[in-house]
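Structure first, then comments.
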Amino acid sequence: MATNAAQKLTRKDFVSDQDVRWCPGCGDYSILAQVQKIMPEIGVSRENTVFISGIGCSSRFPYYMNTYGFHTIHGRAPASATGLKVSRPDLSVWVVTGDGDGLSIGGNHLLHALRRNVDLKILLFNNRIYGLTKGQYSPTSELGKVTKSTPAGSADHPVNPLLFALGVDASFIARTIDVEAKHQQDILTRAANHRGAAFVEILQNCNVFNDGAFASLTDRELKSDTQLLLENGKPMIFGKNKDRGIRLRGMSPEVVTLGNGITADDLLVHDENDPVLGFMLSRLAQPAFPMPLGVIRATNKVTFDAAMNSQIQDAMAKSGDGDIDKLLRSGDVWTVQ
Amino acid sequence: MATNAAQKLTRKDFVSDQDVRWCPGCGDYSILAQVQKIMPEIGVSRENTVFISGIGCSSRFPYYMNTYGFHTIHGRAPASATGLKVSRPDLSVWVVTGDGDGLSIGGNHLLHALRRNVDLKILLFNNRIYGLTKGQYSPTSELGKVTKSTPAGSADHPVNPLLFALGVDASFIARTIDVEAKHQQDILTRAANHRGAAFVEILQNCNVFNDGAFASLTDRELKSDTQLLLENGKPMIFGKNKDRGIRLRGMSPEVVTLGNGITADDLLVHDENDPVLGFMLSRLAQPAFPMPLGVIRATNKVTFDAAMNSQIQDAMAKSGDGDIDKLLRSGDVWTVQ
Amino acid sequence: MATSPVGVLPPKPVVERDNVVIRFAGDSGDGMQVTGMQFTNESVFAGNEIGTLPDFPAEIRAPTGTLYGVSAFQVNFSSQSVYTPGDDLDALVVMNPAALKTNLADLKQNGLLILDKAEFNEPNLKKAQYAKSPLDDGSLDKYQLYPVEITKMTTLALKDMNLPNRSVMRCRNFFALGVVSWLYNRPIEPTVKWITERFKKNTEVLEANTLALKAGYNLGENTELFASSYDIKPAKIAPGLYRNITGNTATAIGFVAAAKKAGLPLFLGSYPITPASDVLHDLSTLKNFNVYTFQAEDEIAGIGSALGAAFGGSIAITTTSGPGMNLKAETIGLAAVVELPLIITNIQRSGPSTGMPTKPEQSDLLQALYGRHGEAPLPVIAASSPADCFFAAYEAVRIAVKYMTPVILLTDGYLANASEPWLLPSSADLPEVNVEFRTDPQGFFPYLRDEDTLARPWVRPGTPGLEHRVGGLEKDYLTGNISYAPSNHEQMVRVRYRKMAKITQDIPPTKINGPESGKLLIIGWGSTYGSITAAVKGFQEQGKSVSHIHLRHLNPLPADLGDILSRFEKILVPEMNMGQLLRVLRAEYLVDAVGLNKIQGRPFKVSEITARISRMLEE
Amino acid sequence: MATSPVGVLPPKPVVERDNVVIRFAGDSGDGMQVTGMQFTNESVFAGNEIGTLPDFPAEIRAPTGTLYGVSAFQVNFSSQSVYTPGDDLDALVVMNPAALKTNLADLKQNGLLILDKAEFNEPNLKKAQYAKSPLDDGSLDKYQLYPVEITKMTTLALKDMNLPNRSVMRCRNFFALGVVSWLYNRPIEPTVKWITERFKKNTEVLEANTLALKAGYNLGENTELFASSYDIKPAKIAPGLYRNITGNTATAIGFVAAAKKAGLPLFLGSYPITPASDVLHDLSTLKNFNVYTFQAEDEIAGIGSALGAAFGGSIAITTTSGPGMNLKAETIGLAAVVELPLIITNIQRSGPSTGMPTKPEQSDLLQALYGRHGEAPLPVIAASSPADCFFAAYEAVRIAVKYMTPVILLTDGYLANASEPWLLPSSADLPEVNVEFRTDPQGFFPYLRDEDTLARPWVRPGTPGLEHRVGGLEKDYLTGNISYAPSNHEQMVRVRYRKMAKITQDIPPTKINGPESGKLLIIGWGSTYGSITAAVKGFQEQGKSVSHIHLRHLNPLPADLGDILSRFEKILVPEMNMGQLLRVLRAEYLVDAVGLNKIQGRPFKVSEITARISRMLEE
Ligand SMILES: Cc1ncc(C[n+]2csc(CCOP(=O)(O)OP(=O)(O)O)c2C)c(N)n1
Ligand SMILES: Cc1ncc(C[n+]2csc(CCOP(=O)(O)OP(=O)(O)O)c2C)c(N)n1
Ligand code: SF4
Ligand code: SF4
Ligand SMILES: [Mg+2]
Ligand SMILES: [Mg+2]
């Protein structure tokens, strides 16, 4: 990835000249701000960065970034991003998608981009609702959700984006939330620095059609009890007084209170390299458990784009840069006098 | 599900009048035979059974079943099956798909049918290749696979169908293999009796384009060392002499030999209700581990079709069978004299 | 008919008008849609004919005061027949500078311009990209300007309630509605009734809105603001029971009515998309009509699930707009060859690609006819007005089950959201929708066709002895088993064409509005109905030879169409596209018809059609 | 030119023929494709003009001996010009009863029928659904029947090698080839050479096949079986270097050549589908040409990835067949409005729906023109012969990058698999493919258009100062920023149409084969080229006024086309569909052209076209 260290960029360099058109109060604003904030830090230049999105409120994102951008069609951003990244490995390619765009119509492309491990940074803004089409339920909406299209409550069990990513063996999986600026920046930076498909679920409030979907996680009073902030190699502790933790009992996690003989040493220690642990963590559901935020999994595997490009380089090294006349004349040829 | 106990059917009743057109030696023949075999046992009538498929060699399946059948288009069978099952909960609806049909083009529909928990029996014939289109690699082909479309070897990490199903929280997940007639029948019967989306991966040899893909599992000499036959509530033992087993070390599984102080009590006990265990099992890969066959997960959740139908029944109970004239006259009406 | 609050001043003069076109425009948060709808309601009660046009911004909730956040609603009300929401405006009500900026161009010279003075402040003017206030620079001199203190007067009217400012601001639209109601002598009772029902759970809001409405009304009555008010006499309207209905609701109800007539469950498989989503929303509330609504993961699953339900014996529907139509194409082809009834509804919007999702267009006709691989002809039916969506939807179902074929139903974003008063039919008057499932195994073949309709039998799974398989591979003409025989393929392709031709027997003789032959024939389809009718009427009233036919069936075309075309010297085809029906007519009948094409995401103005007709008559 | 094994008997008489059509037919496992290809090779070396037609079964590997497991290969070889694989057969070689059953209908009366006697046993006859052996019931009397003991003689020839029976059976096809090679005086050296190379790693097979081939040849030479052999003199063929090429390989190489000329990487995003997959296979072996091939998860990702690569500055291609075209439609619309170069290749097959996947058809033309929502016109280019696929593919890329537009390239399953000798061009003779990426920020706007071509600038990400965003929403005419302005939309729709019109400047004057005006003009496109040319030639040789034009550009149409059409009394449009080009011509030029439509998954026979022309000349 080419970096442009010539001049140090600032956040402002990544702000485009277009008016931001989200609803006032939308969680998307904060995500935009954090992304613009980390851009100068991760060391790619504006011209070598491309944001690709599908359709949805979230997918308007590229217009607001002063980089190259492509607002494609509903659900298909990972496909276009794959074609771009494979053929242009020098670029830093970001995908912005929503819970509908990425997990409803676009689930298959997301699945394949992740399992192929294409070196893309994929940000899924999960507001558990269809924003742009004005409030139908989405695949991440909770069972029984009453929306415009489900006046009697939705009848389908939701998808858990993290589990889904683990199921297709994604190499980097994380979760963060719109209102936690610092946490978001950290996670986005980790994603940017990961080599391979980096999948980040960003919990995002749609204050118009699904206001308060994550209220328990953002409420100042509650959040230290509801957020489980993961740190690699660290025991899983949470709570206002840092006195609660997650312990393993058999193969099942349980919430314990520290003290009375229970110490940090008894707790589960986070290991970003353990997919089984990641799976277990991703299944933790409120209210019985706090919600894990942070890097669920980070592991190394060869990226698809690198493998494809080395095949081409190998072929060139082996057979030389292709010659059209030779190609035309290959196979059985004969001369008519 | 309406059953027709009037007359006891036999295997032959489920054989249609169409010539079976798979290649001689294809693993599909055995699967067809087993399905036809269990049909009379599971107690549905021919007329209440529907097989729906996509496109691929495997998807020719419905033509050979003397039931109702629908050979749809590539990848879309779960969608049509969902529409049918939701609107006709009285039918027993089966989906037949391939690794390409179900996990490449059709991955998204499979994902959603599973997470919605539609009461479908979904059989995925996994031969790790595209048969019908004559031998391109599929999403389940191993990394580096040399095929017509990947002469330099495939560059993408494969999908593990079981992990995928766990990632979308499918309620029934199992794996069996074409050559083991009895095991197949057991698993198919379990699937048939499960209420909800039952996902069965059937390892299937394509002797023309990917012959021997599962040779290590089918070889008479090797198979007792390579197959891990799961039974709920039983310790995980395998090997010719039933002297090897799977033990947990921390959160990681390991293969141990019984004896020298290691007994069956030290081994992992299979629990179909534990998705984390299922996840761990599904990740076991040859040659370090044997390959699990059997029911990986079986759990109960409300089915989508049942929930949808009870919403309709509730509405009818509450508001009475809809009246068109009333509907026309609803809203603000006025009379012009 | 209606009584009004009693004023204290001597009554002002009342000027009579035949017809008025008014538009309410403001910020998305200003409640302009409600205002427009209530004004429509009042006009309906006043006995006028009406036409309406809502115009939403593309953004969900754009920042306040911006140009792209403007929402508007236009009402045409008249003592005469009304066919459209009207062209240029007689009156424009704007709640802020942005609304003025984006709407002023449509106001007639000397038209009434009512605006909320307080809103023309520095920040708002800047957001609307006014360098200088238009109130000060004389640019509004050519209009009758009424800078009303809407905000201030609303605040005043509600001051006793001690509401937070935000709540007061939410009542401004009712104040404005009150003013305009007085101005046009509209009864405000229907609005009071509506407020009372709508806010029955929130008496504070109920009271505030009512107060604001009445205060606005009284302003007109009691102050010198307007010198006179206007009266629009009731129109001669056919007697009967009426309801105001949007195209999308009419579409939804049309499907339900047809399914009920057939005695079958209705299954909708759909994926949300503007402007089609409301059909899904509406149907999802009608579960007690045995209606299944399935919000699928995408459009492919939407139609796929519907096709599965059709296989199972339900009346199967899928709804979408342009982008989704592409995705459904492959399954439409499958449905065509398995010959199952299925309605594919395309509520067209401005394309290509994402285009302008909230704006209407008629540019998917050729896609409906040819937008899939292979030879897969299908019936295509179009609705011509909001209420007509009911009949078009109903007809689509009837044709689909009678001929065992998918049918494409076209409406558009304009019909979808616009509403019109509808003289309600009674279910007894609707044509029958006959479905007879095959149950007899004797002599059964899956592709044995009815002689009259060429329909194959519809068999519900669950029927003993009729087990059979269908699929997308070419099938034997009789047995339906896979067949690659060359002549069988040709026979199958041709019989699918012949089935389309059979449908002409269901198309009534084409209604010609105007002389049966003559100088100029206008042919239209879809939502241009109103504009064309109004334009043609103008010429007919002058005794000019201009006729109009409007096609409901785009495929097959009516049997008498070629003959009709041959009887006119000139043919004009106005379309909100680049000439799609035009292409079909030229190819089919070799007539040198010409197109009038507007592709701006907006319906035709009557004047645009009138101008073109005039030119053609002169040429 | 060629030498043959020396026989021992006195040479038999040699009968001279201008033209022979032969077909080899047998079970899928019988190696008929190899046999046909080698016979073709021999004929090429004998200096004949040739035309070939492979015909695969739909099943991968059907059970042996079944009717649906029959595989065939037809060769037309001549001392004259050849345009097609030939109509009816002069000779038919069948390896089993099923092959006889499915192919006999095409053999001319008194034609040569060679069959393997041993295979006409009970089980095989039953599998072929013969109640009685046709060898015994007199049904073959009207042919020159040669029941050769192919199996037995092959076994005999190889007995010294002690091979397992299975291996022996695999040599039967070479024995048959030997017999036929002798019969038509073909040199067998090319085949010997081919066997030697093909099996160089397996000397046993090499030797066995060679022995079988020679034994077959000697059978003719040394026995009384045939009274005479036939000779077909070399044709007058333009001198130069030739190669036999299939349409799919030509397509693949055409893309690579164009990308190389442009100096850019080539990116193919595709999903396997019959009959298009071979283009993917071929390109995936050409990595050293800087060719990326991406087997995507489906067709949507295939085109989506290609569009991403186009955005990145690669020559972007996607390939598919009918069913996949539906799925690509939405992205084609996006590509049309973001105005990036992208080639969408549809290798047409029999539809609708899954149809008959291994059979060709031309029924996706209207879909290419109109198969997406909104007004999204695109250039459509078609290839007319296997080798022509090279030039059509090349031209598609050239137009795409010059005009910054997606281009739809149409070939079909017949062109894809058929092959023809190709006088190889040299890369220096190919037209330039000019690409100039914009790098200058001065005065840059993403939609600033070139005056001549109306192309917008192509900017590679990575270029400093030109960062910009594109997307599917309607865009401002200059800046490309989102715009909902009504008149801007109309301007954008119209400029996209105008760009298509501009492309006519790249279309050379239409070549008319025959008189420039007159009685009858035949217009074709695509793979009907050969059959039409052959039919027309017949009439021209008789001095009849019949002309032929064959369209490469289906959109835009050539500027001179209307004028040409007006110069003929009658116009006939033969198509392997229900009249798709016909519809376009009628709508565009209001000409009363008529169609000749065959929709059987098979190319036209020359005689079918000839018969129709005769009728039209008589009428
Ligand atoms: C093919 C297609 N189908 C449907 C739509 C309509 N549509 C646009 S965005 C959207 C869902 C958006 O939801 P999500 O991805 O969660 O994004 P959000 O708006 O919530 O950020 C839908 C259904 C479309 N644009 N294209
Ligand atoms: C839309 C579409 N794309 C592509 C194809 C071609 N196609 C048919 S089957 C198939 C893959 C089959 O693979 P799999 O699902 O593994 O089935 P198998 O033949 O191996 O049983 C493909 C690519 C098609 N029929 N339709
Ligand atoms: S609708 Fe919701 S997600 Fe969309 S911009 Fe508004 S608040 Fe944000
Ligand atoms: S190609 Fe493979 S999967 Fe298909 S029928 Fe033949 S052996 Fe079976
Ligand atoms: Mg969302
Ligand atoms: Mg497969």
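All residue names refer to the structure tokens as shown: chains lettered A, B, ... in order, residues numbered from 1 in each chain, ligands numbered from 1 in order.
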Please find the residues contacting ligand 4 at a distance of at most 10 Å between atoms, with only C-alpha atoms and all ligand atoms counted, and report them as a PyMOL selection string. (chain B and resi 20-29+56-60+98+125-135+204-211) or (chain D and resi 59-62)
Write out as a PyMOL selection string each polymer residue whose atoms come within 10 Å of Phe444 (chain C), counting only C-alpha atoms; drop sequence neighbours fewer than 5 positions from it. chain C and resi 438-439+457+465-466+478-479
Just list the residues in region 66-141 of chain A DSSP gives alpha helix (DSSP H) on the backbone, as a list in words. Ala77, Pro78, Ala79, Ser80, Ala81, Thr82, Gly83, Leu84, Lys85, Val86, Ser87, Asp99, Gly100, Gly107, Asn108, His109, Leu110, Leu111, His112, Ala113, Leu114, Arg115 and Arg116 of chain A
Taking only C-alpha atoms into account, find every residue of chain C that has an atom no more than 6 Å from chain D, and write it out as an MDAnalysis selection string. chainID C and resid 322 326:327 329:330 333:334 351:355 363:364 366:367 370:376 472:474 486:487 489:490 583 586:587 590 599:600
Show me, as an MDAnalysis selection string, the residues of chain C whose atoms get within 10 Å of chain A, using only C-alpha atoms for the distance check. chainID C and resid 58:64 66 68:69 271:287 293:301 323:324 353:354
Please return, as an MDAnalysis selection string, all residues of chain A lying within 6 Å of chain B when only C-alpha atoms are considered. chainID A and resid 107:108 115:116 155:157 163:164 167:168 304 307
If we count only C-alpha atoms, what is near Gln34 (chain B) at a cut-off of 12 Å, once residues fewer than 4 positions away on the same chain are taken out, given as a list in words? Arg11, Lys12, Phe14, Val15, Gly27, Asp28, Tyr29, Ser30, Ile38, Met39, Pro40, Glu41, Met65, Thr176, Ile177, Asp178, Val179, Glu180, Ala181, Lys182, His183, Gln184, Gln185, Asp186, Ile187, Leu188, Thr189 and Ile202 of chain B
Serialized selection, N, CA, C and O atoms, as a JSON list (two decimals), in the first residue's frame:
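Saved result, again_6.json, follows:
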[["chain", "number", "residue", "atom", "x", "y", "z"],
["B", 11, "ARG", "N", -40.43, -48.05, -0.70],
["B", 11, "ARG", "CA", -39.42, -47.30, -1.41],
["B", 11, "ARG", "C", -39.80, -47.05, -2.85],
["B", 11, "ARG", "O", -39.66, -45.95, -3.38],
["B", 12, "LYS", "N", -40.31, -48.07, -3.51],
["B", 12, "LYS", "CA", -40.63, -47.98, -4.94],
["B", 12, "LYS", "C", -41.67, -46.90, -5.24],
["B", 12, "LYS", "O", -41.68, -46.32, -6.32],
["B", 14, "PHE", "N", -41.73, -44.13, -4.26],
["B", 14, "PHE", "CA", -41.09, -42.82, -4.37],
["B", 14, "PHE", "C", -40.14, -42.72, -5.56],
["B", 14, "PHE", "O", -39.42, -41.75, -5.71],
["B", 15, "VAL", "N", -40.16, -43.75, -6.40],
["B", 15, "VAL", "CA", -39.32, -43.74, -7.59],
["B", 15, "VAL", "C", -40.16, -43.24, -8.76],
["B", 15, "VAL", "O", -41.20, -43.81, -9.05],
["B", 27, "GLY", "N", -21.94, -40.31, -6.81],
["B", 27, "GLY", "CA", -22.42, -40.47, -5.45],
["B", 27, "GLY", "C", -23.89, -40.10, -5.28],
["B", 27, "GLY", "O", -24.53, -40.51, -4.31],
["B", 28, "ASP", "N", -24.42, -39.34, -6.23],
["B", 28, "ASP", "CA", -25.81, -38.93, -6.12],
["B", 28, "ASP", "C", -26.78, -40.12, -6.09],
["B", 28, "ASP", "O", -27.84, -40.06, -5.47],
["B", 29, "TYR", "N", -26.39, -41.19, -6.76],
["B", 29, "TYR", "CA", -27.29, -42.36, -6.81],
["B", 29, "TYR", "C", -27.59, -42.89, -5.41],
["B", 29, "TYR", "O", -28.73, -43.22, -5.09],
["B", 30, "SER", "N", -26.54, -42.99, -4.61],
["B", 30, "SER", "CA", -26.75, -43.53, -3.27],
["B", 30, "SER", "C", -27.64, -42.61, -2.45],
["B", 30, "SER", "O", -28.51, -43.07, -1.70],
["B", 38, "ILE", "N", -36.03, -43.81, 3.11],
["B", 38, "ILE", "CA", -36.60, -43.33, 4.39],
["B", 38, "ILE", "C", -38.00, -42.74, 4.23],
["B", 38, "ILE", "O", -38.73, -42.61, 5.20],
["B", 39, "MET", "N", -38.33, -42.36, 3.02],
["B", 39, "MET", "CA", -39.61, -41.68, 2.81],
["B", 39, "MET", "C", -40.80, -42.43, 3.41],
["B", 39, "MET", "O", -41.62, -41.84, 4.13],
["B", 40, "PRO", "N", -40.91, -43.73, 3.12],
["B", 40, "PRO", "CA", -42.09, -44.42, 3.67],
["B", 40, "PRO", "C", -42.04, -44.45, 5.20],
["B", 40, "PRO", "O", -43.09, -44.53, 5.85],
["B", 41, "GLU", "N", -40.85, -44.38, 5.74],
["B", 41, "GLU", "CA", -40.70, -44.50, 7.21],
["B", 41, "GLU", "C", -41.13, -43.23, 7.94],
["B", 41, "GLU", "O", -41.64, -43.29, 9.05],
["B", 65, "MET", "N", -37.89, -38.26, -7.94],
["B", 65, "MET", "CA", -38.75, -38.56, -6.79],
["B", 65, "MET", "C", -40.21, -38.52, -7.26],
["B", 65, "MET", "O", -40.64, -37.53, -7.86],
["B", 176, "THR", "N", -23.24, -36.12, 6.75],
["B", 176, "THR", "CA", -23.15, -37.54, 6.47],
["B", 176, "THR", "C", -22.43, -37.70, 5.14],
["B", 176, "THR", "O", -21.92, -36.72, 4.58],
["B", 177, "ILE", "N", -22.37, -38.93, 4.64],
["B", 177, "ILE", "CA", -21.57, -39.17, 3.45],
["B", 177, "ILE", "C", -22.26, -40.19, 2.55],
["B", 177, "ILE", "O", -22.90, -41.13, 3.04],
["B", 178, "ASP", "N", -22.11, -39.98, 1.24],
["B", 178, "ASP", "CA", -22.87, -40.77, 0.27],
["B", 178, "ASP", "C", -22.77, -42.29, 0.46],
["B", 178, "ASP", "O", -23.76, -43.00, 0.38],
["B", 179, "VAL", "N", -21.55, -42.78, 0.72],
["B", 179, "VAL", "CA", -21.37, -44.23, 0.72],
["B", 179, "VAL", "C", -21.89, -44.94, 1.97],
["B", 179, "VAL", "O", -22.04, -46.16, 1.97],
["B", 180, "GLU", "N", -22.14, -44.20, 3.05],
["B", 180, "GLU", "CA", -22.60, -44.86, 4.27],
["B", 180, "GLU", "C", -24.12, -44.86, 4.30],
["B", 180, "GLU", "O", -24.76, -43.95, 4.84],
["B", 181, "ALA", "N", -24.70, -45.89, 3.74],
["B", 181, "ALA", "CA", -26.14, -45.92, 3.55],
["B", 181, "ALA", "C", -26.89, -45.77, 4.87],
["B", 181, "ALA", "O", -27.79, -44.95, 5.02],
["B", 182, "LYS", "N", -26.48, -46.57, 5.83],
["B", 182, "LYS", "CA", -27.21, -46.59, 7.09],
["B", 182, "LYS", "C", -27.09, -45.24, 7.81],
["B", 182, "LYS", "O", -28.09, -44.70, 8.31],
["B", 183, "HIS", "N", -25.88, -44.72, 7.88],
["B", 183, "HIS", "CA", -25.67, -43.43, 8.55],
["B", 183, "HIS", "C", -26.52, -42.35, 7.89],
["B", 183, "HIS", "O", -27.20, -41.56, 8.56],
["B", 184, "GLN", "N", -26.50, -42.35, 6.58],
["B", 184, "GLN", "CA", -27.31, -41.41, 5.82],
["B", 184, "GLN", "C", -28.79, -41.53, 6.19],
["B", 184, "GLN", "O", -29.46, -40.52, 6.43],
["B", 185, "GLN", "N", -29.28, -42.74, 6.22],
["B", 185, "GLN", "CA", -30.70, -42.93, 6.53],
["B", 185, "GLN", "C", -31.02, -42.39, 7.92],
["B", 185, "GLN", "O", -32.04, -41.71, 8.13],
["B", 186, "ASP", "N", -30.14, -42.67, 8.87],
["B", 186, "ASP", "CA", -30.37, -42.17, 10.23],
["B", 186, "ASP", "C", -30.43, -40.65, 10.26],
["B", 186, "ASP", "O", -31.32, -40.06, 10.87],
["B", 187, "ILE", "N", -29.46, -40.06, 9.60],
["B", 187, "ILE", "CA", -29.39, -38.60, 9.64],
["B", 187, "ILE", "C", -30.58, -37.99, 8.89],
["B", 187, "ILE", "O", -31.19, -37.02, 9.35],
["B", 188, "LEU", "N", -30.92, -38.54, 7.76],
["B", 188, "LEU", "CA", -32.06, -38.03, 7.00],
["B", 188, "LEU", "C", -33.34, -38.16, 7.80],
["B", 188, "LEU", "O", -34.19, -37.26, 7.79],
["B", 189, "THR", "N", -33.46, -39.26, 8.51],
["B", 189, "THR", "CA", -34.66, -39.44, 9.34],
["B", 189, "THR", "C", -34.69, -38.41, 10.47],
["B", 189, "THR", "O", -35.73, -37.81, 10.76],
["B", 202, "ILE", "N", -24.12, -33.47, 2.84],
["B", 202, "ILE", "CA", -23.84, -34.84, 2.44],
["B", 202, "ILE", "C", -22.60, -34.84, 1.56],
["B", 202, "ILE", "O", -22.62, -34.28, 0.45]]
Among the residues of region 228-451 of chain C, find those DSSP assigns to strand (DSSP E) from the backbone and print them as a ChimeraX atom specification. /C:229-231,240-246,266-270,291-295,315-320,342-348,380-382,406-412,419-423
Non-local contacts of Ala298 (chain A) (7 Å; only C-alpha atoms; under 5 positions in same chain excluded) as a short mmCIF file (atom, residue, chain, number, x, y, z; two decimals) with N, CA and C atoms, in the first residue's frame:
data_model
loop_
_atom_site.label_atom_id
_atom_site.label_comp_id
_atom_site.auth_asym_id
_atom_site.auth_seq_id
_atom_site.Cartn_x
_atom_site.Cartn_y
_atom_site.Cartn_z
N SER A 171 -11.00 -13.23 9.04
CA SER A 171 -9.72 -13.15 9.76
C SER A 171 -9.66 -12.02 10.78
N PHE A 172 -10.54 -11.03 10.64
CA PHE A 172 -10.59 -9.94 11.63
C PHE A 172 -12.04 -9.57 11.86
N ILE A 173 -12.44 -9.63 13.11
CA ILE A 173 -13.85 -9.38 13.46
C ILE A 173 -13.89 -8.51 14.70
N GLU A 272 -7.53 -13.17 20.90
CA GLU A 272 -8.06 -12.81 19.59
C GLU A 272 -7.82 -13.90 18.55
N ASN A 273 -6.95 -14.83 18.91
CA ASN A 273 -6.59 -15.86 17.95
C ASN A 273 -7.43 -17.13 18.09
#
If I take CA of Pro239 (chain C) and CA of Ile50 (chain C), how far is one from the other in Å, to one decimal?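 Value for the CA of Pro239 (chain C)-CA of Ile50 (chain C) distance: 15.5 Å.
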Polymer residues at most 12 Å from Leu617 (chain D), only C-alpha atoms, same-chain spacing of 6 or more positions, as number ranges by chain: D: 518-522, 539, 544-546, 569-572, 610-611
